[in-house]
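Data block below; observations after.
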Amino acid sequence: RAEPEKPVKPLRTAEQEAGRKLTSLLNKVTPENMTTMAKQVAEVCSDATIAGKMAERLFFFAGMFSQYSETYADLAVELINTIPGSAASPLRRDIAAVVSSYTVEEAPLEEDKKTHLARGKFVGSLFVRGVVTLGDLDAYMGALLQLGTGAAVECAVQVLKSAGVSLEATEEAREKLAQWGEALVEGKAAQPKRIQFLIEDVVAMASRGWSYRCFDESPQTVDSLHAKHHRDTWGGIVVAPVFEQKVAGTPTAKCIVV
């Protein structure tokens with residue numbers, strides 16, 4: 001008896017095959033192989049249809065792999081420098097268009113929140129590298145602050161952490177930075193406690209010149225903390241008690257001079 005014929009899968013079109021290859025290349029991008037991968041991606045982007053989707057692909061992968069947000073920003077720079085002639089201009093324009101029109105909705109899932117934060121870091125990195133302008137970043141930040149949800153505000157904070165140093169470079173950028181900071185502080189009371197702490201943290205970070213807080217002190221024992229308290233309180237001329245367990249359940253105090 002003849003077996004039923006298996007359905008034949010339709011062949012991929014040239015555009016589908018190019019898109020599949022582009023996805024495969026973007027999955028393999030690392031800081032170490034940046035230049036090589038940029039050349040291969042640029043070859044795939046010789047197809048105008050694929051090149052038109054490149055900006056959206058970069059945003060997608062930057063959000064999917066949060067640890068490589070800055071790497072994909074570097075890839076955008078490499079692509080603009082690698083693609084010959086005026087063909088690089090549409091890519092820069094498309095990236096700017098995605099940034100200026102991108103919005104963040106409230107994210108109920110943890111995975112969605114991580115994606116928003118990674119894309120915020122990606123946008124800040126694009127500004128630092130000169131791929132997007134201050135006007136593009138202003139449109140992006142304006143949309144986030146106008147939305148005002150927890151996810152949007154957290155994303156705005158991430159942008160400032162990524163691009164804060166570069167925003168201090170010009171008077172115009174400093175004015176925008178001040179406006180965004182005022183908007184964050186004004187809307188802080190309406191946010192959950194966790195978001196309020198994030199806003200306070202980025203404000204403190206700005207006051208430190210956009211450097212992260214460092215803790216130089218090594219871990220201390222409880223006894224050393226008690227001794228430090230007595231030194232600070234009494235000028236180092238008191239006797240601090242240190243308890244020893246002589247009998248089970250009966251602490252006995254012995255004294256040390258501090």
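Please note that chains go A, B, ... in the order of the structure tokens, that every chain numbers its residues from 1, and that ligands are numbered from 1 in the order shown.
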From a DSSP pass on the backbone, collect the residues of range 23-89 of chain A flagged as alpha helix (DSSP H) and hand them back as a ChimeraX atom specification.
/A:23-27,34-44,48-52,54-64,69-82,88-89
Would you kindly return, as a ChimeraX atom specification, each protein, DNA or RNA residue with an atom no farther than 12 Å from any atom of Asp94 in chain A, considering only C-alpha atoms and excluding same-chain residues fewer than 5 positions away?
/A:51-59,76,80,87-89,99-102,131-132,136
Mind writing the picked residues with all heavy atoms as a compact mmCIF listing (two decimals), in the first residue's frame?
```
# COMPACT_ATOMS: atom_id res chain seq x y z
N ALA A 51 18.17 45.99 5.52
CA ALA A 51 18.79 47.18 6.13
C ALA A 51 17.76 48.05 6.82
O ALA A 51 18.02 48.65 7.86
CB ALA A 51 19.54 47.97 5.06
N GLY A 52 16.54 48.11 6.24
CA GLY A 52 15.49 48.92 6.84
C GLY A 52 15.01 48.39 8.18
O GLY A 52 14.40 49.12 8.96
N LYS A 53 15.25 47.10 8.45
CA LYS A 53 14.83 46.49 9.71
C LYS A 53 15.96 46.38 10.72
O LYS A 53 15.77 45.86 11.81
CB LYS A 53 14.25 45.09 9.44
CG LYS A 53 13.03 45.09 8.52
CD LYS A 53 12.56 43.66 8.26
CE LYS A 53 11.34 43.66 7.33
NZ LYS A 53 10.90 42.28 7.03
N MET A 54 17.14 46.86 10.34
CA MET A 54 18.32 46.68 11.18
C MET A 54 18.18 47.39 12.53
O MET A 54 18.55 46.84 13.57
CB MET A 54 19.55 47.21 10.44
CG MET A 54 20.87 46.90 11.13
SD MET A 54 21.17 45.13 11.22
CE MET A 54 22.01 45.02 12.78
N ALA A 55 17.64 48.59 12.53
CA ALA A 55 17.50 49.35 13.78
C ALA A 55 16.60 48.61 14.76
O ALA A 55 16.92 48.50 15.95
CB ALA A 55 16.95 50.74 13.48
N GLU A 56 15.48 48.10 14.27
CA GLU A 56 14.57 47.36 15.14
C GLU A 56 15.22 46.09 15.66
O GLU A 56 15.01 45.70 16.82
CB GLU A 56 13.29 47.03 14.39
CG GLU A 56 12.46 48.25 14.02
CD GLU A 56 11.20 47.89 13.27
OE1 GLU A 56 11.00 46.67 13.00
OE2 GLU A 56 10.42 48.80 12.94
N ARG A 57 16.03 45.43 14.82
CA ARG A 57 16.73 44.22 15.26
C ARG A 57 17.71 44.54 16.37
O ARG A 57 17.85 43.78 17.35
CB ARG A 57 17.47 43.58 14.08
CG ARG A 57 16.57 43.00 13.00
CD ARG A 57 15.84 41.76 13.47
NE ARG A 57 15.04 41.19 12.41
CZ ARG A 57 15.46 40.22 11.60
NH1 ARG A 57 16.67 39.72 11.75
NH2 ARG A 57 14.67 39.73 10.67
N LEU A 58 18.43 45.65 16.25
CA LEU A 58 19.38 46.04 17.29
C LEU A 58 18.67 46.28 18.61
O LEU A 58 19.15 45.85 19.67
CB LEU A 58 20.15 47.29 16.86
CG LEU A 58 21.23 47.10 15.79
CD1 LEU A 58 21.77 48.45 15.33
CD2 LEU A 58 22.36 46.23 16.29
N PHE A 59 17.53 46.96 18.56
CA PHE A 59 16.77 47.20 19.79
C PHE A 59 16.29 45.89 20.40
O PHE A 59 16.31 45.70 21.62
CB PHE A 59 15.57 48.11 19.49
CG PHE A 59 15.82 49.54 19.81
CD1 PHE A 59 16.52 50.34 18.94
CD2 PHE A 59 15.39 50.09 21.00
CE1 PHE A 59 16.77 51.67 19.23
CE2 PHE A 59 15.63 51.40 21.32
CZ PHE A 59 16.32 52.20 20.42
N ALA A 76 26.41 49.18 16.46
CA ALA A 76 25.75 50.21 15.64
C ALA A 76 26.79 51.19 15.09
O ALA A 76 26.73 51.58 13.92
CB ALA A 76 24.71 50.95 16.48
N ILE A 80 27.78 51.74 11.08
CA ILE A 80 27.74 53.05 10.43
C ILE A 80 29.09 53.36 9.78
O ILE A 80 29.15 53.96 8.69
CB ILE A 80 27.34 54.13 11.44
CG1 ILE A 80 25.88 53.94 11.86
CG2 ILE A 80 27.55 55.52 10.89
CD1 ILE A 80 25.42 54.82 12.98
N ALA A 87 25.05 55.06 2.31
CA ALA A 87 24.18 53.98 2.79
C ALA A 87 24.14 53.92 4.31
O ALA A 87 23.23 53.35 4.90
CB ALA A 87 24.64 52.64 2.23
N ALA A 88 25.17 54.49 4.96
CA ALA A 88 25.19 54.48 6.42
C ALA A 88 24.20 55.47 7.02
O ALA A 88 23.73 55.29 8.14
CB ALA A 88 26.60 54.80 6.93
N SER A 89 23.87 56.52 6.27
CA SER A 89 22.96 57.55 6.79
C SER A 89 21.57 57.01 7.12
O SER A 89 21.01 57.36 8.17
CB SER A 89 22.88 58.71 5.82
OG SER A 89 24.14 59.32 5.66
N VAL A 99 14.41 55.41 18.43
CA VAL A 99 14.63 56.00 19.76
C VAL A 99 13.57 57.05 20.05
O VAL A 99 12.95 57.06 21.12
CB VAL A 99 16.04 56.62 19.86
CG1 VAL A 99 16.17 57.46 21.13
CG2 VAL A 99 17.09 55.53 19.82
N SER A 100 13.33 57.95 19.11
CA SER A 100 12.41 59.06 19.35
C SER A 100 10.95 58.63 19.42
O SER A 100 10.12 59.34 19.98
CB SER A 100 12.59 60.14 18.28
OG SER A 100 12.33 59.60 16.99
N SER A 101 10.63 57.45 18.85
CA SER A 101 9.23 57.00 18.84
C SER A 101 8.97 55.86 19.81
O SER A 101 7.84 55.40 19.93
CB SER A 101 8.84 56.55 17.43
OG SER A 101 9.63 55.44 17.01
N TYR A 102 10.01 55.40 20.52
CA TYR A 102 9.86 54.23 21.38
C TYR A 102 9.16 54.62 22.67
O TYR A 102 9.45 55.64 23.28
CB TYR A 102 11.24 53.63 21.69
CG TYR A 102 11.19 52.39 22.54
CD1 TYR A 102 10.80 51.18 21.99
CD2 TYR A 102 11.52 52.42 23.88
CE1 TYR A 102 10.76 50.04 22.76
CE2 TYR A 102 11.48 51.28 24.66
CZ TYR A 102 11.10 50.09 24.09
OH TYR A 102 11.06 48.96 24.86
N VAL A 131 25.55 58.27 18.17
CA VAL A 131 24.65 57.71 17.16
C VAL A 131 23.32 58.45 17.14
O VAL A 131 22.72 58.65 16.09
CB VAL A 131 24.44 56.20 17.40
CG1 VAL A 131 23.47 55.61 16.37
CG2 VAL A 131 25.77 55.46 17.35
N VAL A 132 22.84 58.85 18.31
CA VAL A 132 21.61 59.63 18.40
C VAL A 132 21.94 61.01 18.96
O VAL A 132 22.92 61.18 19.69
CB VAL A 132 20.54 58.93 19.27
CG1 VAL A 132 20.15 57.59 18.68
CG2 VAL A 132 21.03 58.75 20.71
N ASP A 136 16.90 63.57 19.86
CA ASP A 136 16.33 62.22 19.89
C ASP A 136 16.18 61.73 21.32
O ASP A 136 15.15 61.15 21.70
CB ASP A 136 17.23 61.24 19.11
CG ASP A 136 17.39 61.62 17.65
OD1 ASP A 136 16.41 62.15 17.07
OD2 ASP A 136 18.49 61.41 17.09
```
When you look at Ser69 in chain A with a cut-off of 10 Å (counting only C-alpha atoms), what residues show up, excluding the ones that are within fewer than 3 positions of it in the same chain? I need them as a PDB file with C-alpha atoms, in the first residue's frame.
```pdb
ATOM      1  CA  LEU A  58      19.383  46.036  17.288  1.00  0.00           C
ATOM      2  CA  PHE A  59      16.770  47.197  19.787  1.00  0.00           C
ATOM      3  CA  PHE A  61      18.705  42.048  20.734  1.00  0.00           C
ATOM      4  CA  ALA A  62      19.863  44.815  23.100  1.00  0.00           C
ATOM      5  CA  GLY A  63      16.720  44.178  25.152  1.00  0.00           C
ATOM      6  CA  MET A  64      16.998  40.400  24.989  1.00  0.00           C
ATOM      7  CA  PHE A  65      20.644  40.259  26.138  1.00  0.00           C
ATOM      8  CA  SER A  66      20.903  42.988  28.774  1.00  0.00           C
ATOM      9  CA  TYR A  72      25.154  46.323  20.501  1.00  0.00           C
ATOM     10  CA  ALA A  73      25.649  50.090  20.754  1.00  0.00           C
ATOM     11  CA  ASP A  74      29.265  49.540  19.689  1.00  0.00           C
ATOM     12  CA  LEU A  75      27.983  47.366  16.834  1.00  0.00           C
ATOM     13  CA  LEU A 117      16.012  48.576  31.440  1.00  0.00           C
ATOM     14  CA  ALA A 118      18.365  47.009  28.911  1.00  0.00           C
ATOM     15  CA  ARG A 119      16.918  49.160  26.128  1.00  0.00           C
ATOM     16  CA  GLY A 120      17.259  52.241  28.320  1.00  0.00           C
ATOM     17  CA  LYS A 121      20.926  51.426  28.811  1.00  0.00           C
ATOM     18  CA  PHE A 122      21.216  50.848  25.050  1.00  0.00           C
ATOM     19  CA  VAL A 123      19.712  54.261  24.262  1.00  0.00           C
ATOM     20  CA  GLY A 124      22.040  55.988  26.727  1.00  0.00           C
ATOM     21  CA  SER A 125      25.000  54.185  25.175  1.00  0.00           C
ATOM     22  CA  LEU A 126      23.911  55.266  21.686  1.00  0.00           C
TER      23      LEU A 126
END
```
Using only C-alpha atoms, determine which residues lie at most 10 Å from Val202 in chain A, disregarding the query and same-chain residues fewer than 4 positions distant; provide the list as a ChimeraX atom specification.
/A:157-158,160-161,164,181,184,197-198,206-208,210-212
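If you measure from each of A:Cys45, A:Met34, A:Ala143, A:Leu134 to Pro90 in chain A using only C-alpha atoms, the closest one turns out to be A:Cys45.
Taking only C-alpha atoms, the non-local environment of range 167-180 of chain A within 9 Å (same-chain residues fewer than 6 positions away omitted) comprises A:Phe127, A:Val128, A:Leu134, A:Asp138, A:Met141, A:Gly142, A:Leu145, A:Ala156, A:Leu160.
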CA of Ala163 in chain A and CA of Tyr140 in chain A, how far apart in Å?
13.1 Å
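Residue neighbourhood of Gly187 in chain A, excluding near-sequence residues (fewer than 3 positions): Leu145, Gln146, Leu147, Gly148, Thr149, Gly150, Val153, Trp180, Gly181, Glu182, Ala183, Leu184, Ala190, Gln191, Pro192, Ile195, Gln196, Ile199 and Glu200 of chain A, at 12 Å, using only C-alpha atoms.
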The distance between CA of Met37 in chain A and CA of Thr13 in chain A is 23.4 Å
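Note that the spacing between CA of Leu25 in chain A and CA of Ser46 in chain A amounts to 14.6 Å.
Of the residues listed (A:Gln67, A:Gln220, A:Gln40, A:Thr133), A:Gln40 shows the shortest atom-to-atom separation from Lys21 in chain A; distances use only C-alpha atoms.
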